[in-house]
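What follows is a short report on a single structure.
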Amino acid sequence: MSTESTIAKDLMAKVLRNDTKAFAELYDRYSRVVYSVIVNIVRAPAEAEEILQEVFVTLWNKRKEYDFSKSSPVTWMIAMARNRAIDKLRSNEFRGTMRSTSIDNSPALSHLQMAGDNPLDEALLEERQKVVQAALHALPQDQQTVIRIAYFEGLSQSEIAERYSIPLGTVKTRMRLGMKKLYEILKEAA
Amino acid sequence: MIDQEQFEEICAAYCLGILNTDDRLNFEKILATATPEQRQAIDALMLAARHLPVSGKLVAPAPAVKERIMNQIGANKKINNTSLIEKIYFALKFDQPVVTFGMALILIVSTSVLYFRQIDLSGSVSDFEQKLSQLQQELKTQTEELSESKLKLTELENKSAENAQALADKDKELSGLKLASAQNQEFIKLMQAPDLKVTDIKGLKPTPKGRGKVMYSSNLKLAYIQLSNLPPAPTNKDYQLWMMDGKKAVSAGVLSLASDQSSILKVTTGLVVEVKRLSAFVITLEQKGGVPSAKGPMVMLGNVKI
């Protein structure tokens, strides 16, 4: 685990002891990446700031519920931010039934085990962004689109198939291949 | 049972967080019994998914957002993070608006109750102090009055004792007067007695100027003696009267002379010798209280004339 991840957990431990200074430092270190995820989903800065505020206030109020064994604090925050941003996006677009925004419903929290460098660490953010963007651009456009739509809009495989009028199997295949390819590129880049 | 390709398709959707709740739970059941190849696949896809947050443009939020957040969690209340006050603050959940409002309400109500009760008690204490002061003043006044009363009572007791003494003196005087009155009446009766006899007695050498008379009645069995110019008897001596039966002297008692050396005395013994046998009256100077038979010098003598 990186030094940066260790710092994040140390800060979170202090936050659990009601340390507001540690909370402020946690915000300083990770608000940009969290905000970036939100703003890339809702694409409206004002709404993104409201969601960011909501996420960090929820983080503070529900700090006692944080489980160190399940995920890093950064992953926890991003999962929460992404789900709320997607809910907001769907609400704005009147897209029918909303997905649950419960933190516990996030697969990134329920199963993801952190290994190696955290790509969201602030210190590595600029460099990591370039690597990831390059990796995504290296994918075929159809695979890249499916992955972006899935991640930033939260559309299911069926919804993507419906939106682009392509077979569900095709969406599944593009998504599978794209994610595997992305991994291979990132692995090589690391 | 799903093959590796199907597993990876679902796994990609799972890692991107786009499975609905049912599908997600079903997939997590599959993960519990995943093969090593499947585990390798999910680790790889998860790692790829974790990079996606930075796949878009990086944008920093406005500085005001942090200020709003810190205000909202109450971090801008200048609380020392490591202080005991802060620990208590959060332990009591004062960061929760409902708790804060509730505690504030309780504090206001309690303070109000204590304030008005304190005012009430202050008034009561003031009243009690005033009443106590009045009672102390009354007690002081009553104590002074009691002292004065005691003093007056003592004076009255003294006066009463004096009056009692005076009354006793008056009683004694009255008794004396009554006695004197009775003797006077007796003496008058003696003077009016038909068988009244009077014998003159005269002073001898020691008291040559002494004069006197003995008045007596055989019928009344009374005898009075009148003396004048007889000096007072010495301190340890008394004048004693004797009635002579022939040559025999019979005591008729000690004479108590008044200081004016001129008095009429009753012979308390009466006539101790029959008149027909009585030859003389003699007064001698004897030991204090008198003696059975005459021993001292004869100071007065009066012979009875038949």
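We name chains A, B, ... following the order of the structure tokens; residues begin at 1 in each chain, and ligands are numbered from 1 as shown.
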Quiz prompt | DSSP alpha helix (DSSP H) residues within range 141-273 of chain B, as a ChimeraX atom specification | solution = /B:141-191
Quiz item: Near chain B, which residues of chain A fall within 7 Å when you count only C-alpha atoms, and what do they look like as number ranges by chain?
Solution: A: 19-20, 32-33, 35-37, 40, 49, 53, 57, 106-108, 112, 119, 129, 132-133, 150-151, 154-156, 172-173, 175-176, 179-180, 182-183
Self-check item: Among the residues B:Ser279, B:Asn163, B:Ser228, B:Ser124, the one that comes closest to Asp245 in chain B [using only C-alpha atoms]
Solution: B:Ser279
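Between Tyr224 in chain B and the residues B:Gln183, B:Gln192, B:Ser251, B:Thr111, the shortest atom-to-atom distance, using only C-alpha atoms, involves B:Gln183.
Residue nearest Ser158 in chain A within the list A:Ala189, A:Ala44, A:Val146, A:Ala135: A:Val146 [criterion: smallest interatomic distance, only C-alpha atoms].
A straight line drawn from CA of Thr199 in chain B to CA of Val214 in chain B is 5.1 Å long.
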Quiz item: Quick one: distance from CA of Tyr239 in chain B to CA of Gly212 in chain B in Å, one decimal?
Solution: 13.5 Å
Self-check item: Length of the CA of Gly102 in chain B to CA of Tyr115 in chain B vector [Å]
Solution: 19.6 Å
